[in-house]
Amino acid sequence: MAQQSTPPAALLETALYVSDLAEAEAFYGGILGLEQIARVPDRHVFYRLGEVVLLLFDPARTLEGSSNLDLPVPPHGATGQGHLCFSATAAELHAWVDRLTEAGIPIEADFHWPNGARSIYFRDLAGNSLEFAEPRLWFEGS
């Protein structure tokens, strides 16, 4: 009899797809200030966000799969724009609006959800929908 598994407790990594990695590095590393932890030219760039890693892949290259026999990652990927939401306090949201505006990144939406949590939406240079939201959007008491 197979041992019963428990549901996953956390997200370890997530991916977005970008066709211009240099542009993505300027945005995610420069404007957002994320810590870059890995890069393979013309294939991917990875960033650490606390306990989660953000993987930015060139979609055409990930369809090829790995050429490293020691790391047999199968082909994967997506087409079109994705969505990612970053956690931010109310004070941090104000600072992010200022920083994004100064960088010329338009805020697409800025509103409060029915439970009072605030979200702002904007896009990276590849068109992915990004959001900063207060954790209380999903976690009461946060």
# chains A, B, ... in the order shown; residues from 1 in each chain; ligands from 1

$ residues_around --residues "Phe132 in chain A" --least-positions-apart "2" --cutoff "10 Å" --atoms "only C-alpha atoms" --output "CSV table (one decimal) with N, CA, C and O atoms, in the first residue's frame"
chain,number,residue,atom,x,y,z
A,84,LEU,N,1.8,37.2,-12.0
A,84,LEU,CA,2.5,36.9,-10.8
A,84,LEU,C,2.2,38.0,-9.8
A,84,LEU,O,2.1,39.2,-10.2
A,85,CYS,N,2.0,37.7,-8.6
A,85,CYS,CA,1.6,38.7,-7.6
A,85,CYS,C,2.7,38.6,-6.5
A,85,CYS,O,3.0,37.6,-5.9
A,86,PHE,N,3.3,39.8,-6.2
A,86,PHE,CA,4.3,40.0,-5.1
A,86,PHE,C,3.5,40.5,-3.8
A,86,PHE,O,2.6,41.3,-3.9
A,87,SER,N,4.0,40.0,-2.7
A,87,SER,CA,3.4,40.5,-1.4
A,87,SER,C,4.0,41.8,-1.0
A,87,SER,O,5.3,42.0,-1.1
A,88,ALA,N,3.2,42.7,-0.5
A,88,ALA,CA,3.7,44.0,-0.1
A,88,ALA,C,2.8,44.6,1.0
A,88,ALA,O,1.6,44.4,0.9
A,89,THR,N,3.4,45.3,2.0
A,89,THR,CA,2.6,45.9,3.0
A,89,THR,C,2.0,47.2,2.4
A,89,THR,O,2.4,47.6,1.3
A,90,ALA,N,1.1,47.9,3.1
A,90,ALA,CA,0.5,49.1,2.7
A,90,ALA,C,1.6,50.2,2.4
A,90,ALA,O,1.5,50.8,1.3
A,92,GLU,N,4.8,49.6,1.7
A,92,GLU,CA,5.5,49.2,0.6
A,92,GLU,C,4.8,49.4,-0.7
A,92,GLU,O,5.4,49.8,-1.7
A,93,LEU,N,3.5,49.3,-0.7
A,93,LEU,CA,2.7,49.5,-1.9
A,93,LEU,C,2.9,51.0,-2.4
A,93,LEU,O,3.0,51.3,-3.6
A,96,TRP,N,6.2,51.3,-4.0
A,96,TRP,CA,6.3,50.7,-5.3
A,96,TRP,C,5.6,51.5,-6.3
A,96,TRP,O,6.0,51.6,-7.5
A,97,VAL,N,4.5,52.1,-6.0
A,97,VAL,CA,3.8,53.0,-7.0
A,97,VAL,C,4.7,54.1,-7.4
A,97,VAL,O,4.9,54.4,-8.6
A,110,ASP,N,-5.3,50.2,-9.6
A,110,ASP,CA,-4.9,50.4,-8.2
A,110,ASP,C,-6.2,50.5,-7.4
A,110,ASP,O,-7.0,51.4,-7.6
A,118,ARG,N,-5.3,46.1,-0.6
A,118,ARG,CA,-5.0,46.9,-1.8
A,118,ARG,C,-4.2,46.1,-2.8
A,118,ARG,O,-3.3,45.3,-2.4
A,119,SER,N,-4.4,46.3,-4.1
A,119,SER,CA,-3.6,45.7,-5.1
A,119,SER,C,-3.2,46.8,-6.1
A,119,SER,O,-4.1,47.6,-6.4
A,120,ILE,N,-2.0,46.7,-6.7
A,120,ILE,CA,-1.7,47.4,-7.9
A,120,ILE,C,-1.3,46.5,-9.0
A,120,ILE,O,-0.6,45.5,-8.7
A,121,TYR,N,-1.6,46.8,-10.2
A,121,TYR,CA,-1.3,45.9,-11.3
A,121,TYR,C,-0.5,46.7,-12.3
A,121,TYR,O,-0.7,47.9,-12.6
A,122,PHE,N,0.5,46.1,-12.9
A,122,PHE,CA,1.4,46.7,-13.9
A,122,PHE,C,1.9,45.6,-14.8
A,122,PHE,O,1.6,44.4,-14.6
A,130,LEU,N,1.8,41.8,-13.7
A,130,LEU,CA,2.4,41.7,-12.4
A,130,LEU,C,1.5,42.5,-11.4
A,130,LEU,O,0.8,43.5,-11.8
A,134,GLU,N,-1.4,43.4,-0.7
A,134,GLU,CA,-1.3,43.1,0.7
A,134,GLU,C,-1.6,41.7,1.0
A,134,GLU,O,-2.6,41.1,0.4
A,135,PRO,N,-0.8,41.0,1.8
A,135,PRO,CA,-1.1,39.6,2.1
A,135,PRO,C,-2.5,39.3,2.7
A,135,PRO,O,-3.0,38.2,2.4

$ residues_around --residues "Leu54 in chain A" --least-positions-apart "4" --cutoff "7 Å" --atoms "only C-alpha atoms" --output "list in words"
Glu13, Thr14, Ala15, Phe46, Tyr47 and Arg48 of chain A

$ select_by_dssp --residues "chain A" --states "strand (DSSP E or B)" --output "ChimeraX atom specification"
/A:13-17,35-40,44-49,52-57,83-87,109-112,118-123,129-133

$ atom_distance --atom1 "CA of Thr79 in chain A" --atom2 "CA of Thr62 in chain A"
11.1 Å

$ select_by_dssp --residues "range 16-112 of chain A" --states "alpha helix (DSSP H)" --output "mmCIF file with N, CA and C atoms, in the first residue's frame"
data_model
loop_
_atom_site.group_PDB
_atom_site.id
_atom_site.type_symbol
_atom_site.label_atom_id
_atom_site.label_comp_id
_atom_site.auth_asym_id
_atom_site.auth_seq_id
_atom_site.Cartn_x
_atom_site.Cartn_y
_atom_site.Cartn_z
ATOM 1 N N LEU A 21 15.709 38.333 -22.713
ATOM 2 C CA LEU A 21 16.264 38.155 -21.365
ATOM 3 C C LEU A 21 17.008 39.382 -20.858
ATOM 4 N N ALA A 22 17.703 40.099 -21.735
ATOM 5 C CA ALA A 22 18.414 41.310 -21.307
ATOM 6 C C ALA A 22 17.418 42.356 -20.805
ATOM 7 N N GLU A 23 16.329 42.506 -21.506
ATOM 8 C CA GLU A 23 15.271 43.425 -21.102
ATOM 9 C C GLU A 23 14.666 42.979 -19.766
ATOM 10 N N ALA A 24 14.461 41.667 -19.616
ATOM 11 C CA ALA A 24 13.915 41.123 -18.369
ATOM 12 C C ALA A 24 14.868 41.357 -17.208
ATOM 13 N N GLU A 25 16.173 41.185 -17.442
ATOM 14 C CA GLU A 25 17.155 41.437 -16.386
ATOM 15 C C GLU A 25 17.128 42.893 -15.948
ATOM 16 N N PRO A 59 10.841 31.382 -23.991
ATOM 17 C CA PRO A 59 9.916 30.289 -24.286
ATOM 18 C C PRO A 59 10.375 29.360 -25.408
ATOM 19 N N ALA A 60 11.040 29.890 -26.413
ATOM 20 C CA ALA A 60 11.498 29.047 -27.524
ATOM 21 C C ALA A 60 12.571 28.067 -27.050
ATOM 22 N N ARG A 61 13.442 28.514 -26.168
ATOM 23 C CA ARG A 61 14.541 27.660 -25.709
ATOM 24 C C ARG A 61 14.069 26.567 -24.746
ATOM 25 N N THR A 62 13.059 26.822 -23.915
ATOM 26 C CA THR A 62 12.620 25.780 -22.986
ATOM 27 C C THR A 62 11.858 24.671 -23.691
ATOM 28 N N ALA A 90 1.105 47.871 3.132
ATOM 29 C CA ALA A 90 0.500 49.111 2.654
ATOM 30 C C ALA A 90 1.575 50.159 2.383
ATOM 31 N N ALA A 91 2.535 50.309 3.291
ATOM 32 C CA ALA A 91 3.612 51.283 3.090
ATOM 33 C C ALA A 91 4.469 50.916 1.884
ATOM 34 N N GLU A 92 4.752 49.630 1.717
ATOM 35 C CA GLU A 92 5.546 49.184 0.567
ATOM 36 C C GLU A 92 4.805 49.443 -0.746
ATOM 37 N N LEU A 93 3.485 49.270 -0.741
ATOM 38 C CA LEU A 93 2.699 49.548 -1.948
ATOM 39 C C LEU A 93 2.853 50.996 -2.377
ATOM 40 N N HIS A 94 2.790 51.918 -1.433
ATOM 41 C CA HIS A 94 2.986 53.337 -1.765
ATOM 42 C C HIS A 94 4.359 53.554 -2.395
ATOM 43 N N ALA A 95 5.387 52.948 -1.803
ATOM 44 C CA ALA A 95 6.748 53.098 -2.333
ATOM 45 C C ALA A 95 6.866 52.484 -3.727
ATOM 46 N N TRP A 96 6.205 51.341 -3.958
ATOM 47 C CA TRP A 96 6.271 50.702 -5.276
ATOM 48 C C TRP A 96 5.565 51.540 -6.337
ATOM 49 N N VAL A 97 4.454 52.149 -5.989
ATOM 50 C CA VAL A 97 3.783 53.027 -6.956
ATOM 51 C C VAL A 97 4.744 54.137 -7.369
ATOM 52 N N ASP A 98 5.410 54.754 -6.394
ATOM 53 C CA ASP A 98 6.374 55.823 -6.712
ATOM 54 C C ASP A 98 7.517 55.308 -7.576
ATOM 55 N N ARG A 99 8.087 54.161 -7.198
ATOM 56 C CA ARG A 99 9.238 53.624 -7.929
ATOM 57 C C ARG A 99 8.872 53.249 -9.361
ATOM 58 N N LEU A 100 7.742 52.577 -9.528
ATOM 59 C CA LEU A 100 7.316 52.173 -10.866
ATOM 60 C C LEU A 100 6.995 53.389 -11.728
ATOM 61 N N THR A 101 6.322 54.376 -11.150
ATOM 62 C CA THR A 101 5.983 55.595 -11.881
ATOM 63 C C THR A 101 7.252 56.323 -12.325
ATOM 64 N N GLU A 102 8.220 56.433 -11.409
ATOM 65 C CA GLU A 102 9.493 57.081 -11.752
ATOM 66 C C GLU A 102 10.227 56.339 -12.865
#

$ residues_around --residues "range 112-115 of chain A" --least-positions-apart "6" --cutoff "10 Å" --atoms "only C-alpha atoms" --output "list in words"
Ala133, Glu134, Arg136, Leu137, Trp138 and Glu140 of chain A

$ write_last_selection --atoms "C-alpha atoms" --output "CSV table (one decimal), in the first residue's frame"
chain,number,residue,atom,x,y,z
A,133,ALA,CA,-0.9,43.1,-3.0
A,134,GLU,CA,-1.3,43.1,0.7
A,136,ARG,CA,-4.5,40.1,3.8
A,137,LEU,CA,-6.0,39.7,0.3
A,138,TRP,CA,-5.6,35.9,1.0
A,140,GLU,CA,-6.8,37.1,7.2

$ residues_around --residues "Asp124 in chain A" --least-positions-apart "5" --cutoff "10 Å" --atoms "only C-alpha atoms" --output "PDB file with N, CA, C and O atoms, in the first residue's frame"
ATOM      1  N   VAL A  18       9.688  35.137 -21.168  1.00  0.00           N
ATOM      2  CA  VAL A  18      10.061  36.430 -21.743  1.00  0.00           C
ATOM      3  C   VAL A  18      10.928  36.188 -22.970  1.00  0.00           C
ATOM      4  O   VAL A  18      11.791  35.320 -22.958  1.00  0.00           O
ATOM      5  N   GLU A  23      16.329  42.506 -21.506  1.00  0.00           N
ATOM      6  CA  GLU A  23      15.271  43.425 -21.102  1.00  0.00           C
ATOM      7  C   GLU A  23      14.666  42.979 -19.766  1.00  0.00           C
ATOM      8  O   GLU A  23      14.408  43.793 -18.880  1.00  0.00           O
ATOM      9  N   ALA A  24      14.461  41.667 -19.616  1.00  0.00           N
ATOM     10  CA  ALA A  24      13.915  41.123 -18.369  1.00  0.00           C
ATOM     11  C   ALA A  24      14.868  41.357 -17.208  1.00  0.00           C
ATOM     12  O   ALA A  24      14.439  41.703 -16.099  1.00  0.00           O
ATOM     13  N   PHE A  27      14.602  44.859 -16.031  1.00  0.00           N
ATOM     14  CA  PHE A  27      13.359  45.092 -15.304  1.00  0.00           C
ATOM     15  C   PHE A  27      13.375  44.425 -13.931  1.00  0.00           C
ATOM     16  O   PHE A  27      13.192  45.083 -12.911  1.00  0.00           O
ATOM     17  N   TYR A  28      13.582  43.113 -13.897  1.00  0.00           N
ATOM     18  CA  TYR A  28      13.487  42.371 -12.635  1.00  0.00           C
ATOM     19  C   TYR A  28      14.678  42.628 -11.705  1.00  0.00           C
ATOM     20  O   TYR A  28      14.501  42.746 -10.493  1.00  0.00           O
ATOM     21  N   GLN A  81       0.940  35.744 -22.168  1.00  0.00           N
ATOM     22  CA  GLN A  81       1.295  36.462 -20.960  1.00  0.00           C
ATOM     23  C   GLN A  81       0.846  35.709 -19.716  1.00  0.00           C
ATOM     24  O   GLN A  81      -0.213  35.103 -19.700  1.00  0.00           O
ATOM     25  N   ILE A 105       6.891  52.945 -15.675  1.00  0.00           N
ATOM     26  CA  ILE A 105       6.051  51.745 -15.770  1.00  0.00           C
ATOM     27  C   ILE A 105       4.630  52.145 -15.356  1.00  0.00           C
ATOM     28  O   ILE A 105       4.388  52.496 -14.202  1.00  0.00           O
ATOM     29  N   PRO A 106       3.669  52.112 -16.281  1.00  0.00           N
ATOM     30  CA  PRO A 106       2.309  52.528 -15.931  1.00  0.00           C
ATOM     31  C   PRO A 106       1.628  51.557 -14.964  1.00  0.00           C
ATOM     32  O   PRO A 106       1.774  50.338 -15.086  1.00  0.00           O
ATOM     33  N   SER A 129       1.454  40.191 -16.690  1.00  0.00           N
ATOM     34  CA  SER A 129       0.710  40.964 -15.703  1.00  0.00           C
ATOM     35  C   SER A 129       1.311  40.725 -14.328  1.00  0.00           C
ATOM     36  O   SER A 129       1.367  39.588 -13.848  1.00  0.00           O
ATOM     37  N   LEU A 130       1.776  41.814 -13.700  1.00  0.00           N
ATOM     38  CA  LEU A 130       2.370  41.724 -12.368  1.00  0.00           C
ATOM     39  C   LEU A 130       1.510  42.510 -11.391  1.00  0.00           C
ATOM     40  O   LEU A 130       0.844  43.474 -11.762  1.00  0.00           O
TER      41      LEU A 130
END

$ residues_around --residues "Glu64 in chain A" --least-positions-apart "4" --cutoff "12 Å" --atoms "only C-alpha atoms" --output "ChimeraX atom specification"
/A:43,57-60,68,72-77
